>>> print(open('target.txt').read())   # compact mmCIF, C-alpha atoms and all ligand atoms
# COMPACT_ATOMS: atom_id res chain seq x y z
CA MET E 13 0.00 0.00 0.00
CA ILE E 14 1.10 3.54 -0.76
CA TYR E 15 -0.31 6.50 1.17
CA ASN E 16 0.19 9.20 -1.46
CA GLU E 17 0.29 7.31 -4.73
CA GLU E 18 0.62 10.44 -6.85
CA PHE E 19 3.71 11.85 -5.17
CA GLU E 20 5.40 8.67 -3.95
CA THR E 21 5.40 7.17 -7.44
CA LEU E 22 6.08 10.35 -9.41
CA PRO E 23 8.29 9.57 -12.44
CA ARG E 24 11.91 10.66 -11.76
CA GLU E 25 11.86 13.43 -14.39
CA ALA E 26 8.74 15.00 -12.93
CA LEU E 27 10.13 14.57 -9.42
CA LYS E 28 13.35 16.41 -10.37
CA ALA E 29 11.33 19.25 -11.93
CA LEU E 30 9.23 19.50 -8.78
CA GLN E 31 12.37 19.53 -6.63
CA LEU E 32 13.90 22.36 -8.66
CA LYS E 33 10.74 24.45 -8.43
CA ARG E 34 10.51 23.89 -4.68
CA LEU E 35 14.23 24.54 -4.19
CA GLN E 36 13.90 27.89 -5.93
CA GLN E 37 10.89 28.76 -3.79
CA THR E 38 12.78 27.77 -0.64
CA LEU E 39 15.77 29.92 -1.61
CA GLN E 40 13.50 32.90 -2.30
CA ARG E 41 11.87 32.37 1.07
CA VAL E 42 15.05 32.15 3.14
CA TYR E 43 16.82 34.93 1.24
CA HIS E 44 14.04 37.39 1.95
CA THR E 45 13.05 36.33 5.46
CA VAL E 46 16.10 34.92 7.28
CA GLY E 47 18.95 37.36 7.88
CA TYR E 48 21.46 34.56 8.25
CA TYR E 49 20.69 33.14 4.80
CA LYS E 50 20.64 36.55 3.12
CA LYS E 51 24.13 37.09 4.48
CA SER E 52 25.53 33.64 3.68
CA LEU E 53 24.04 33.49 0.16
CA SER E 54 25.20 37.03 -0.61
CA ALA E 55 28.68 36.26 0.70
CA ALA E 56 28.83 33.30 -1.70
CA GLY E 57 27.70 35.53 -4.56
CA ILE E 58 24.41 33.70 -4.98
CA SER E 59 21.01 35.19 -5.64
CA PRO E 60 17.96 32.91 -5.45
CA GLN E 61 17.29 33.52 -9.16
CA GLY E 62 20.81 32.34 -9.94
CA ILE E 63 20.00 28.68 -9.22
CA GLY E 64 18.65 27.40 -12.52
CA SER E 65 19.22 23.67 -12.12
CA LEU E 66 19.73 21.05 -9.42
CA GLN E 67 23.39 20.86 -10.49
CA ASP E 68 23.83 24.43 -9.22
CA LEU E 69 23.08 23.19 -5.73
CA ASN E 70 26.73 22.70 -4.83
CA LYS E 71 27.37 26.44 -5.23
CA ILE E 72 25.19 27.09 -2.17
CA PRO E 73 26.92 27.18 1.25
CA PHE E 74 26.14 24.43 3.77
CA THR E 75 24.15 24.95 6.93
CA THR E 76 25.70 23.24 9.96
CA ARG E 77 24.64 22.43 13.48
CA ASP E 78 26.91 25.27 14.64
CA ASP E 79 24.91 27.69 12.50
CA LEU E 80 21.76 26.52 14.27
CA ARG E 81 23.33 27.06 17.67
CA GLY E 82 24.77 30.40 16.60
CA ASN E 83 21.25 31.59 15.83
CA TYR E 84 19.72 30.26 19.05
CA PRO E 85 16.86 30.46 19.77
CA PHE E 86 14.76 31.87 16.91
CA GLY E 87 17.31 33.41 14.49
CA LEU E 88 16.64 31.01 11.60
CA PHE E 89 12.85 31.17 11.67
CA SER E 90 11.33 32.23 8.39
CA VAL E 91 7.91 33.35 9.65
CA PRO E 92 6.74 35.50 12.58
CA MET E 93 5.85 33.72 15.82
CA SER E 94 2.17 34.41 15.14
CA ASN E 95 2.35 31.88 12.27
CA ILE E 96 4.12 29.24 14.35
CA VAL E 97 2.01 26.61 16.07
CA ARG E 98 4.68 24.35 17.58
CA LEU E 99 8.23 24.53 18.93
CA HIS E 100 10.55 21.58 19.53
CA ALA E 101 14.17 21.65 20.69
CA SER E 102 17.25 19.52 21.08
CA THR E 103 18.86 18.94 24.46
CA GLY E 104 21.49 21.32 25.81
CA THR E 105 22.00 24.58 27.62
CA SER E 106 21.45 28.07 26.15
CA GLY E 107 23.40 28.43 22.95
CA ARG E 108 24.27 24.73 22.96
CA SER E 109 20.88 23.54 21.77
CA SER E 110 18.72 24.16 18.70
CA VAL E 111 15.07 25.13 18.41
CA PHE E 112 12.79 23.91 15.61
CA SER E 113 9.49 25.52 14.65
CA TYR E 114 6.43 24.50 12.63
CA THR E 115 3.56 26.35 10.99
CA ARG E 116 0.19 24.66 10.76
CA ARG E 117 1.07 23.54 7.22
CA ASP E 118 4.43 22.17 8.42
CA ILE E 119 2.58 20.02 10.96
CA GLU E 120 0.24 18.80 8.23
CA THR E 121 3.20 17.90 6.00
CA TRP E 122 4.95 16.08 8.85
CA THR E 123 1.72 14.25 9.65
CA GLU E 124 1.42 13.11 6.04
CA LEU E 125 5.04 11.92 5.95
CA THR E 126 4.74 9.80 9.10
CA ALA E 127 1.45 8.49 7.70
CA ARG E 128 3.39 7.46 4.59
CA CYS E 129 5.88 5.57 6.81
CA LEU E 130 3.13 3.73 8.67
CA VAL E 131 1.36 2.75 5.45
CA ALA E 132 4.68 1.63 3.95
CA ALA E 133 4.96 -0.73 6.94
CA GLY E 134 1.50 -2.13 6.17
CA VAL E 135 -0.31 -0.30 8.98
CA THR E 136 -4.03 0.34 8.40
CA LYS E 137 -6.93 1.87 10.31
CA ASN E 138 -7.56 -1.52 11.89
CA ASP E 139 -4.24 -1.41 13.74
CA ILE E 140 -3.43 -0.32 17.27
CA VAL E 141 -0.07 1.46 17.48
CA HIS E 142 1.91 1.32 20.73
CA ASN E 143 4.08 4.43 20.41
CA ALA E 144 7.03 4.23 22.83
CA PHE E 145 9.03 7.04 21.25
CA ALA E 146 9.53 9.83 23.80
CA TYR E 147 6.85 12.52 23.86
CA GLY E 148 8.07 15.97 24.74
CA LEU E 149 10.40 18.68 23.57
CA LEU E 150 12.16 16.23 21.24
CA PRO E 151 10.03 15.58 18.16
CA GLY E 152 10.10 11.75 18.22
CA GLY E 153 6.81 10.73 19.81
CA LEU E 154 4.49 13.41 18.47
CA GLY E 155 5.57 12.91 14.86
CA LEU E 156 4.34 9.33 14.61
CA HIS E 157 1.39 10.11 16.84
CA TYR E 158 -0.26 12.41 14.31
CA GLY E 159 0.53 10.12 11.38
CA THR E 160 -1.18 7.24 13.17
CA GLU E 161 -4.33 9.26 13.78
CA LYS E 162 -4.23 10.50 10.19
CA ILE E 163 -4.57 7.00 8.76
CA GLY E 164 -7.27 6.19 11.30
CA ALA E 165 -5.32 3.67 13.36
CA SER E 166 -5.54 3.83 17.16
CA VAL E 167 -2.51 5.28 18.89
CA ILE E 168 -1.42 4.53 22.45
CA PRO E 169 0.73 7.57 23.40
CA MET E 170 2.89 5.48 25.71
CA SER E 171 6.17 7.45 25.48
CA ASP E 172 9.35 5.83 26.79
CA GLY E 173 10.07 4.49 30.28
CA ASN E 174 7.74 2.84 32.78
CA THR E 175 8.59 -0.55 31.34
CA LYS E 176 6.37 -2.65 33.62
CA ARG E 177 3.28 -0.73 32.55
CA GLN E 178 4.33 -0.95 28.90
CA ILE E 179 4.42 -4.73 29.15
CA LEU E 180 1.05 -4.75 30.85
CA LEU E 181 -0.53 -2.65 28.09
CA LEU E 182 1.14 -4.73 25.38
CA GLN E 183 -0.75 -7.69 26.83
CA ASP E 184 -4.05 -5.99 27.74
CA PHE E 185 -4.57 -3.56 24.81
CA GLY E 186 -3.26 -5.93 22.16
CA PRO E 187 -1.41 -3.40 19.99
CA THR E 188 -0.42 -4.73 16.57
CA VAL E 189 2.35 -2.19 15.89
CA LEU E 190 5.27 -1.21 18.11
CA CYS E 191 7.19 2.05 17.58
CA SER E 192 10.32 2.79 19.65
CA THR E 193 14.07 2.97 19.61
CA PRO E 194 15.52 -0.46 18.78
CA SER E 195 17.31 -0.66 22.11
CA TYR E 196 14.12 0.03 24.01
CA ALA E 197 12.31 -2.66 22.03
CA LEU E 198 14.99 -5.14 23.05
CA HIS E 199 14.74 -3.96 26.64
CA LEU E 200 10.97 -4.55 26.57
CA ALA E 201 11.58 -8.04 25.20
CA LEU E 202 14.15 -8.87 27.90
CA GLU E 203 11.98 -7.47 30.70
CA GLY E 204 8.94 -9.29 29.37
CA GLN E 205 10.81 -12.57 29.27
CA ALA E 206 12.08 -11.95 32.81
CA GLN E 207 8.45 -11.56 33.92
CA GLY E 208 7.53 -14.81 32.22
CA VAL E 209 5.63 -13.16 29.36
CA ASP E 210 6.02 -14.86 25.99
CA MET E 211 6.45 -11.79 23.79
CA LYS E 212 5.70 -13.85 20.68
CA THR E 213 2.14 -14.45 21.85
CA LEU E 214 1.36 -10.71 21.87
CA GLN E 215 -0.74 -9.34 19.01
CA LEU E 216 2.23 -7.38 17.60
CA ARG E 217 2.76 -7.84 13.87
CA VAL E 218 5.23 -5.16 12.83
CA GLY E 219 7.54 -2.63 14.46
CA ILE E 220 8.93 0.71 13.32
CA PHE E 221 12.24 1.52 14.95
CA GLY E 222 14.73 4.35 14.70
CA ALA E 223 16.46 7.34 16.36
CA GLU E 224 19.59 5.26 17.01
CA LEU E 225 22.34 3.60 15.02
CA TRP E 226 21.35 -0.05 14.77
CA SER E 227 22.41 -3.00 12.67
CA ASP E 228 20.71 -6.01 11.16
CA VAL E 229 22.02 -8.07 14.08
CA THR E 230 19.78 -6.02 16.38
CA ARG E 231 16.99 -6.25 13.84
CA ASP E 232 17.23 -10.05 13.85
CA ALA E 233 17.14 -10.06 17.66
CA ILE E 234 13.98 -7.89 17.75
CA GLU E 235 12.22 -9.91 15.05
CA GLU E 236 13.09 -13.12 16.88
CA ALA E 237 12.06 -11.85 20.33
CA PHE E 238 8.63 -10.55 19.28
CA GLY E 239 7.97 -12.64 16.20
CA ILE E 240 7.42 -9.47 14.13
CA ARG E 241 8.77 -7.65 11.08
CA ALA E 242 11.11 -4.85 12.18
CA LEU E 243 11.38 -1.82 9.88
CA ASN E 244 13.70 1.13 9.96
CA ILE E 245 12.58 4.77 10.06
CA PHE E 246 14.86 7.79 9.64
CA GLY E 247 14.53 11.34 10.81
CA ILE E 248 16.53 14.41 11.73
CA SER E 249 15.07 16.56 14.49
CA GLU E 250 16.39 19.76 12.93
CA MET E 251 14.84 18.96 9.54
CA MET E 252 11.43 17.93 10.90
CA GLY E 253 11.65 14.85 13.14
CA PRO E 254 10.93 11.22 12.23
CA GLY E 255 9.50 10.59 8.77
CA ILE E 256 12.16 11.82 6.37
CA ALA E 257 12.72 8.27 5.13
CA CYS E 258 11.41 4.79 5.88
CA GLU E 259 11.60 1.21 4.71
CA CYS E 260 8.84 -0.42 2.72
CA LEU E 261 7.81 -4.05 3.08
CA GLU E 262 9.95 -5.13 0.13
CA GLY E 263 12.79 -6.17 2.39
CA ARG E 264 15.98 -4.85 3.84
CA HIS E 265 16.80 -2.66 0.88
CA GLY E 266 17.16 0.77 2.43
CA MET E 267 14.75 3.56 3.30
CA HIS E 268 12.85 5.64 0.74
CA ILE E 269 13.59 9.33 1.22
CA PHE E 270 10.51 11.49 0.59
CA GLU E 271 12.12 13.44 -2.19
CA ASP E 272 9.14 15.64 -2.91
CA HIS E 273 9.86 17.26 0.47
CA PHE E 274 13.61 16.76 0.89
CA LEU E 275 16.48 17.10 -1.54
CA VAL E 276 19.34 14.78 -0.62
CA GLU E 277 23.00 14.84 -1.66
CA THR E 278 26.03 12.81 -0.64
CA ILE E 279 29.27 14.67 0.06
CA ASN E 280 32.79 13.90 1.12
CA PRO E 281 32.63 14.92 4.79
CA LYS E 282 36.27 16.09 4.76
CA THR E 283 36.23 18.27 1.64
CA GLY E 284 32.52 19.06 1.27
CA GLU E 285 32.74 18.00 -2.39
CA PRO E 286 29.71 16.22 -3.87
CA LEU E 287 30.16 12.48 -4.43
CA PRO E 288 28.84 10.39 -7.32
CA GLU E 289 25.44 8.79 -6.75
CA GLY E 290 25.84 5.53 -4.86
CA ASP E 291 29.11 6.40 -3.10
CA GLU E 292 29.27 6.30 0.67
CA GLY E 293 29.44 9.74 2.27
CA GLU E 294 27.74 12.28 4.49
CA LEU E 295 24.10 12.95 3.68
CA VAL E 296 23.13 16.58 3.16
CA PHE E 297 19.45 17.55 3.16
CA THR E 298 17.56 20.59 1.90
CA SER E 299 13.98 21.02 3.02
CA LEU E 300 11.77 21.82 0.03
CA THR E 301 8.39 22.60 1.57
CA LYS E 302 9.03 23.82 5.10
CA GLU E 303 7.61 27.23 5.98
CA ALA E 304 8.72 28.03 9.53
CA PHE E 305 12.23 26.59 9.64
CA PRO E 306 13.59 25.75 6.19
CA LEU E 307 17.14 24.42 6.10
CA VAL E 308 19.35 24.65 3.02
CA ARG E 309 22.09 22.05 2.48
CA TYR E 310 22.02 20.91 6.09
CA ARG E 311 24.92 18.62 6.98
CA SER E 312 23.36 15.68 8.81
CA GLY E 313 26.63 14.10 10.00
CA ASP E 314 25.13 10.72 9.04
CA ILE E 315 27.24 8.49 6.81
CA SER E 316 25.24 6.45 4.32
CA ARG E 317 24.87 5.55 0.64
CA LEU E 318 22.03 6.28 -1.76
CA ILE E 319 20.41 3.46 -3.73
CA THR E 320 18.93 4.57 -7.04
CA GLU E 321 17.79 1.22 -8.43
CA PRO E 322 13.98 1.07 -8.68
CA CYS E 323 12.18 -0.65 -5.80
CA ARG E 324 9.59 -3.36 -6.31
CA CYS E 325 7.07 -1.48 -4.17
CA GLY E 326 6.57 1.08 -6.95
CA ARG E 327 7.83 4.09 -5.03
CA THR E 328 10.18 6.11 -7.22
CA HIS E 329 11.94 7.87 -4.36
CA VAL E 330 15.61 7.13 -3.86
CA ARG E 331 16.57 4.95 -0.90
CA MET E 332 19.29 5.42 1.72
CA GLU E 333 21.12 2.61 3.43
CA ARG E 334 20.76 2.39 7.17
CA VAL E 335 23.13 4.75 8.99
CA LEU E 336 25.85 2.83 10.80
CA LYS E 337 28.26 5.64 11.55
CA ARG E 338 28.67 9.38 11.94
CA CYS E 339 31.31 11.77 10.69
CA ASP E 340 31.26 13.85 13.85
CA ASP E 341 31.44 13.15 17.58
CA MET E 342 27.69 12.99 18.18
CA LEU E 343 26.60 10.18 20.49
CA THR E 344 23.09 8.82 20.60
CA ILE E 345 22.27 7.65 24.11
CA ARG E 346 18.84 6.05 24.58
CA GLY E 347 17.61 7.84 21.48
CA ILE E 348 18.90 11.25 22.57
CA ASN E 349 21.63 12.99 20.60
CA ILE E 350 24.45 14.37 22.70
CA PHE E 351 27.73 16.07 21.87
CA PRO E 352 30.75 15.93 24.17
CA GLY E 353 30.93 19.75 23.87
CA GLN E 354 27.55 19.96 25.60
CA VAL E 355 28.83 17.85 28.51
CA GLU E 356 31.89 20.06 28.70
CA ALA E 357 29.81 23.27 28.71
CA ILE E 358 27.73 21.98 31.63
CA LEU E 359 30.78 20.88 33.64
CA GLN E 360 32.45 24.26 33.14
CA GLU E 361 29.61 25.94 35.00
CA ILE E 362 30.10 23.84 38.11
CA GLU E 363 32.41 25.23 40.76
CA GLY E 364 35.22 22.94 41.81
CA VAL E 365 35.28 20.98 38.54
CA GLU E 366 38.56 20.95 36.62
CA ALA E 367 39.00 20.76 32.86
CA ASP E 368 39.35 17.03 32.26
CA TYR E 369 36.56 14.50 32.11
CA GLN E 370 35.88 11.17 30.51
CA LEU E 371 32.56 9.88 29.25
CA ILE E 372 32.18 6.11 29.03
CA VAL E 373 29.15 4.77 27.19
CA ASP E 374 28.26 1.10 27.44
CA LYS E 375 25.25 -1.17 27.62
CA ALA E 376 23.59 -2.98 30.52
CA GLY E 377 21.29 -5.53 28.91
CA ALA E 378 19.75 -3.70 25.96
CA LEU E 379 19.93 -0.19 27.41
CA ASP E 380 22.72 2.37 27.20
CA THR E 381 24.60 3.32 30.33
CA VAL E 382 26.78 6.37 30.89
CA GLU E 383 29.63 6.80 33.30
CA LEU E 384 31.17 10.22 33.74
CA HIS E 385 34.58 10.61 35.35
CA VAL E 386 35.32 14.19 36.32
CA GLU E 387 38.41 15.80 37.77
CA VAL E 388 37.84 18.10 40.72
CA GLY E 389 40.18 20.34 42.75
CA GLU E 390 42.91 18.77 44.86
CA LYS E 391 41.65 20.51 47.98
CA PHE E 392 38.47 18.43 48.18
CA PHE E 393 40.53 15.31 48.71
CA ALA E 394 42.86 16.95 51.25
CA GLU E 395 40.55 19.09 53.37
CA ALA E 396 38.49 17.98 56.30
CA GLY E 397 34.87 18.27 55.23
CA GLY E 398 35.89 17.68 51.62
CA VAL E 399 33.75 14.58 51.36
CA LYS E 400 30.61 16.62 51.88
CA GLU E 401 31.65 19.05 49.17
CA LEU E 402 32.46 16.17 46.82
CA GLN E 403 28.99 14.76 47.38
CA ALA E 404 27.46 18.15 46.60
CA ILE E 405 29.44 18.43 43.34
CA GLU E 406 28.48 14.92 42.32
CA LYS E 407 24.83 15.65 42.99
CA ARG E 408 24.97 18.85 40.97
CA ILE E 409 26.59 17.09 37.98
CA VAL E 410 23.96 14.35 38.01
CA LYS E 411 21.17 16.91 38.24
CA ASP E 412 22.49 19.17 35.47
CA MET E 413 23.10 16.24 33.12
CA LYS E 414 19.52 15.13 33.70
CA ASP E 415 18.04 18.64 33.42
CA TYR E 416 19.90 19.78 30.30
CA LEU E 417 20.78 16.58 28.42
CA SER E 418 18.20 14.10 29.72
CA ILE E 419 20.86 11.53 30.62
CA SER E 420 21.56 10.01 34.02
CA PRO E 421 25.26 9.23 34.27
CA ARG E 422 26.98 7.46 37.10
CA VAL E 423 29.47 10.08 38.25
CA ARG E 424 32.92 9.40 39.66
CA LEU E 425 34.99 12.32 40.90
CA VAL E 426 38.75 11.95 40.65
CA ALA E 427 41.83 13.97 41.60
CA PRO E 428 43.37 16.45 39.13
CA GLN E 429 45.56 15.02 36.36
CA THR E 430 44.16 11.53 36.82
CA LEU E 431 42.55 11.57 33.40
CA ARG E 432 45.20 13.43 31.45
CA GLN E 433 46.92 10.30 30.26
CA LYS E 434 43.68 8.66 29.14
CA GLU E 435 43.40 8.14 25.40
CA SER E 436 40.12 9.90 24.75
CA LYS E 437 37.45 12.03 26.39
CA VAL E 438 34.78 9.68 25.05
CA ILE E 439 34.86 5.90 25.09
CA ASP E 440 31.97 4.17 23.40
CA LYS E 441 32.05 0.47 24.17
CA ARG E 442 28.74 -0.34 22.51
CA THR E 443 28.38 -2.55 19.50
CA ILE E 444 25.37 -1.89 17.28
ZN ZN D 1 10.13 0.24 -1.74
>>> encode(input="target.txt", output="structure tokens")
Amino acid sequence: MIYNEEFETLPREALKALQLKRLQQTLQRVYHTVGYYKKSLSAAGISPQGIGSLQDLNKIPFTTRDDLRGNYPFGLFSVPMSNIVRLHASTGTSGRSSVFSYTRRDIETWTELTARCLVAAGVTKNDIVHNAFAYGLLPGGLGLHYGTEKIGASVIPMSDGNTKRQILLLQDFGPTVLCSTPSYALHLALEGQAQGVDMKTLQLRVGIFGAELWSDVTRDAIEEAFGIRALNIFGISEMMGPGIACECLEGRHGMHIFEDHFLVETINPKTGEPLPEGDEGELVFTSLTKEAFPLVRYRSGDISRLITEPCRCGRTHVRMERVLKRCDDMLTIRGINIFPGQVEAILQEIEGVEADYQLIVDKAGALDTVELHVEVGEKFFAEAGGVKELQAIEKRIVKDMKDYLSISPRVRLVAPQTLRQKESKVIDKRTI
């Protein structure tokens, strides 16, 4: 089944023509309404009328995550606040996070795109969707929520956490579709088994998983544990949220990117040069229909490869291979994207903390764990009463990490220069 037959199966030529028209409209929009883009396009000697073909795209400067932060909070918005109906944001402190906005039409577009994903996974109005993506400031949960309602299926807005209750509702409500991060799905399976619940006897038929790097090994484990088909969904919070690309039921052949709304390129992450179609590189996205927060040539940091061979499902949109690595230092911990620089910025604000720290990411069962080793002043270890102060610092670190980054690390405070010899500030022991 295809949700929007007309656009999802548009012949390539017509699709390219539509992309060019929408690219030109987007450039006009940002040039005239976003000071940052007027400046960056002018500096590159580009006027919106100067882009006459999709090949001209590589003349346009990139937009990076730093540009988003540099314009915190609302500097890149293209419409006045009176036209905005929703705000989402990434984690982080002031100036270290990004804010995303949506007009009513943007929400409708997003709703349609997540509806397309659900239909591509075979979901119909007869299904009950257990949505365990996090609801809140991050756009994960709400994106799929509206798409589910759009196609007339029933949505359980479960959000993440509260695992015991999730298992209860999986049994009592009989959902047929599970949406979550892959690691949380595995966690549910393990917890269910530990409680003596046979997860294969649930009504679940298919699952849509994403927001983390995950491999086919994990996919096999999820399919085996629940006895379901496990499909991959792709999104970028800054671009919209989940629903930029998704797999169809034709197999493990990559995710269709909704090219009528997003223009995708592959570049060499070191040089920024465009790569031939099909080469592995960093994916760069341009939003083609967004009103409130359009992004031009946004560097995703995700390394993947585009597949241009036609798909048996009939969709003409190009596919991307699952993302297995990044070209920057972003970590995804329990579905939340975190940069070491954000950890550093938080630590710098805490009195008594020294410059060096080490972040160790691992897994306990299916879930990510974080350990944070932090150097603090010598005096705390020498002075009488130092223990109390150490406890206070530790408490503050835990609280700030939770408040600003939504992670709960186990904190260990160490003496100065203990960590200097360590190989790296971040150690990621996880396999995907
Ligand atoms: Zn397909």
>>> residues_around(input="target.txt", residues="Leu379 of chain E", least_positions_apart="6", cutoff="7 Å", atoms="all atoms listed in the file", output="compact mmCIF listing (two decimals) with C-alpha atoms, keeping the file's coordinate frame")
# COMPACT_ATOMS: atom_id res chain seq x y z
CA SER E 195 17.31 -0.66 22.11
CA TYR E 196 14.12 0.03 24.01
CA HIS E 199 14.74 -3.96 26.64
CA ARG E 346 18.84 6.05 24.58
>>> atom_distance(input="target.txt", atom1="atom CA of Ile405 of chain E", atom2="atom CA of Gly104 of chain E")
19.5 Å
>>> atom_distance(input="target.txt", atom1="atom CA of Arg311 of chain E", atom2="atom CA of Asn244 of chain E")
21.0 Å
>>> residues_around(input="target.txt", residues="Arg338 of chain E", least_positions_apart="3", cutoff="8 Å", atoms="all atoms listed in the file", output="JSON, numbers by chain")
{"E": [313, 314, 315, 335, 341, 342]}
>>> closest_atom_pairs(input="target.txt", of="segment 213-240 of chain E", to="segment 149-165 of chain E", cutoff="10 Å", atoms="only C-alpha atoms", output="tab-separated table")
residue	atom	partner	partner_atom	distance
E:Ile220	CA	E:Leu156	CA	9.9
E:Gly222	CA	E:Gly152	CA	9.4
E:Ala223	CA	E:Gly152	CA	8.0
>>> residues_near_ligand(input="target.txt", ligand="ligand ZN 1 (chain D)", cutoff="6 Å", atoms="all atoms listed in the file", output="list in words")
Cys260, Glu262, Cys323, Arg324, Cys325 and Arg327 of chain E
>>> atom_distance(input="target.txt", atom1="atom CA of Glu20 of chain E", atom2="atom CA of Val330 of chain E")
10.3 Å
>>> residues_near_point(input="target.txt", point="(16.3, 32.3, 4.6)", cutoff="12 Å", atoms="all atoms listed in the file", output="PyMOL selection string")
chain E and resi 35-54+59-60+75+87-91+299+302-309
>>> decode(input="target.txt", residues="segment 282-331 of chain E", atoms="C-alpha atoms", output="PDB file, in the first residue's frame")
ATOM      1  CA  LYS E 282      36.275  16.090   4.763  1.00  0.00           C
ATOM      2  CA  THR E 283      36.235  18.271   1.642  1.00  0.00           C
ATOM      3  CA  GLY E 284      32.521  19.063   1.270  1.00  0.00           C
ATOM      4  CA  GLU E 285      32.737  17.996  -2.394  1.00  0.00           C
ATOM      5  CA  PRO E 286      29.708  16.219  -3.875  1.00  0.00           C
ATOM      6  CA  LEU E 287      30.163  12.476  -4.432  1.00  0.00           C
ATOM      7  CA  PRO E 288      28.840  10.393  -7.324  1.00  0.00           C
ATOM      8  CA  GLU E 289      25.439   8.793  -6.748  1.00  0.00           C
ATOM      9  CA  GLY E 290      25.843   5.533  -4.857  1.00  0.00           C
ATOM     10  CA  ASP E 291      29.114   6.403  -3.103  1.00  0.00           C
ATOM     11  CA  GLU E 292      29.265   6.302   0.667  1.00  0.00           C
ATOM     12  CA  GLY E 293      29.441   9.741   2.267  1.00  0.00           C
ATOM     13  CA  GLU E 294      27.741  12.281   4.488  1.00  0.00           C
ATOM     14  CA  LEU E 295      24.102  12.947   3.678  1.00  0.00           C
ATOM     15  CA  VAL E 296      23.130  16.576   3.163  1.00  0.00           C
ATOM     16  CA  PHE E 297      19.454  17.554   3.155  1.00  0.00           C
ATOM     17  CA  THR E 298      17.564  20.590   1.904  1.00  0.00           C
ATOM     18  CA  SER E 299      13.980  21.022   3.022  1.00  0.00           C
ATOM     19  CA  LEU E 300      11.765  21.820   0.026  1.00  0.00           C
ATOM     20  CA  THR E 301       8.391  22.596   1.574  1.00  0.00           C
ATOM     21  CA  LYS E 302       9.033  23.825   5.102  1.00  0.00           C
ATOM     22  CA  GLU E 303       7.615  27.227   5.978  1.00  0.00           C
ATOM     23  CA  ALA E 304       8.720  28.027   9.525  1.00  0.00           C
ATOM     24  CA  PHE E 305      12.231  26.594   9.643  1.00  0.00           C
ATOM     25  CA  PRO E 306      13.594  25.753   6.191  1.00  0.00           C
ATOM     26  CA  LEU E 307      17.138  24.423   6.104  1.00  0.00           C
ATOM     27  CA  VAL E 308      19.346  24.646   3.022  1.00  0.00           C
ATOM     28  CA  ARG E 309      22.090  22.049   2.485  1.00  0.00           C
ATOM     29  CA  TYR E 310      22.018  20.913   6.087  1.00  0.00           C
ATOM     30  CA  ARG E 311      24.920  18.620   6.976  1.00  0.00           C
ATOM     31  CA  SER E 312      23.362  15.684   8.807  1.00  0.00           C
ATOM     32  CA  GLY E 313      26.630  14.104  10.004  1.00  0.00           C
ATOM     33  CA  ASP E 314      25.133  10.725   9.038  1.00  0.00           C
ATOM     34  CA  ILE E 315      27.240   8.491   6.805  1.00  0.00           C
ATOM     35  CA  SER E 316      25.241   6.445   4.320  1.00  0.00           C
ATOM     36  CA  ARG E 317      24.866   5.545   0.642  1.00  0.00           C
ATOM     37  CA  LEU E 318      22.030   6.275  -1.762  1.00  0.00           C
ATOM     38  CA  ILE E 319      20.405   3.462  -3.734  1.00  0.00           C
ATOM     39  CA  THR E 320      18.935   4.575  -7.041  1.00  0.00           C
ATOM     40  CA  GLU E 321      17.787   1.219  -8.434  1.00  0.00           C
ATOM     41  CA  PRO E 322      13.976   1.070  -8.676  1.00  0.00           C
ATOM     42  CA  CYS E 323      12.176  -0.649  -5.799  1.00  0.00           C
ATOM     43  CA  ARG E 324       9.587  -3.364  -6.313  1.00  0.00           C
ATOM     44  CA  CYS E 325       7.071  -1.475  -4.169  1.00  0.00           C
ATOM     45  CA  GLY E 326       6.568   1.076  -6.949  1.00  0.00           C
ATOM     46  CA  ARG E 327       7.832   4.093  -5.032  1.00  0.00           C
ATOM     47  CA  THR E 328      10.181   6.109  -7.221  1.00  0.00           C
ATOM     48  CA  HIS E 329      11.936   7.873  -4.357  1.00  0.00           C
ATOM     49  CA  VAL E 330      15.610   7.128  -3.856  1.00  0.00           C
ATOM     50  CA  ARG E 331      16.572   4.952  -0.896  1.00  0.00           C
TER      51      ARG E 331
END
